[in-house]
Amino acid sequence: MTSDGHVDGNALGALFRDIFGQEMTDRRGCCDACGTVTRLGAAMVFRDAPGDVVRCVNCQSVILVAVPVPMGVRVNFLALRWIEIPDNTPSAT
Ligand SMILES: [Zn+2]
């Protein structure tokens, strides 16, 4: 944990696996506020809020918020323009 209380995006590896069904911390995403492209694992995660607040490593815009709810987790993709998800479908040969 850094002096400002954040950890890196690798802390959300389990959440990303629940959402996308695969390891995502090495996948790239783009901040909608500044256009920075970086690995999701490099994002800044603040865990002292009611949920996890994920901020862009460059401009600190909130790109994602994950809040626990009675049924599980509510994920709000705020300033996350895109993420890359590889096609893991076996090719038909
Ligand atoms: Zn940004």
# chains A, B, ... in the order shown; residues from 1 in each chain; ligands from 1
call {"tool": "residues_around", "arguments": {"residues": "range 5-20 of chain A", "least_positions_apart": "5", "cutoff": "10 Å", "atoms": "only C-alpha atoms", "output": "list of chain:residue names"}}
result
A:Thr25, A:Asp26, A:Arg39, A:Leu40, A:Gly41, A:Ala42, A:Ala43, A:Met44, A:Val45, A:Phe46, A:Arg47, A:Asp48, A:Asp52, A:Val53, A:Val54, A:Arg55, A:Val57, A:Ala66, A:Val73, A:Val75, A:Ile85
call {"tool": "closest_atom_pairs", "arguments": {"of": "chain A", "to": "ligand 1", "cutoff": "8 Å", "atoms": "only C-alpha atoms and all ligand atoms", "output": "tab-separated table"}}
result
residue	atom	partner	partner_atom_place_in_ligand_line	distance
A:Cys30	CA	ligand 1	1 (Zn)	7.8
A:Cys31	CA	ligand 1	1 (Zn)	4.6
A:Asp32	CA	ligand 1	1 (Zn)	6.6
A:Ala33	CA	ligand 1	1 (Zn)	5.0
A:Cys34	CA	ligand 1	1 (Zn)	4.1
A:Gly35	CA	ligand 1	1 (Zn)	6.0
A:Thr36	CA	ligand 1	1 (Zn)	5.5
A:Arg55	CA	ligand 1	1 (Zn)	7.7
A:Cys56	CA	ligand 1	1 (Zn)	4.6
A:Val57	CA	ligand 1	1 (Zn)	6.6
A:Asn58	CA	ligand 1	1 (Zn)	5.1
A:Cys59	CA	ligand 1	1 (Zn)	4.1
A:Gln60	CA	ligand 1	1 (Zn)	5.9
A:Ser61	CA	ligand 1	1 (Zn)	5.5
A:Ile63	CA	ligand 1	1 (Zn)	8.0
A:Ala79	CA	ligand 1	1 (Zn)	8.0
call {"tool": "select_by_dssp", "arguments": {"residues": "chain A", "states": "strand (DSSP E)", "output": "PyMOL selection string"}}
result
chain A and resi 6-8+28-31+37-39+44-46+52-55+62-69+72-77+80-83
call {"tool": "residues_around", "arguments": {"residues": "Ile83 in chain A", "least_positions_apart": "3", "cutoff": "8 Å", "atoms": "only C-alpha atoms", "output": "PDB file with C-alpha atoms, in the first residue's frame"}}
result
ATOM      1  CA  ARG A  27      -5.056  -6.832 -20.112  1.00  0.00           C
ATOM      2  CA  ARG A  28      -4.942  -3.294 -21.375  1.00  0.00           C
ATOM      3  CA  GLY A  29      -7.613  -0.673 -20.827  1.00  0.00           C
ATOM      4  CA  CYS A  30      -8.037   2.947 -21.910  1.00  0.00           C
ATOM      5  CA  LEU A  80     -13.058   3.058 -18.794  1.00  0.00           C
TER       6      LEU A  80
END
call {"tool": "atom_distance", "arguments": {"atom1": "CA of Val37 in chain A", "atom2": "CA of Pro50 in chain A"}}
result
27.0 Å
call {"tool": "closest_residue", "arguments": {"among": "A:Gly51, A:Thr2, A:Thr38, A:Met24", "to": "Gly72 in chain A", "atoms": "only C-alpha atoms"}}
result
A:Gly51
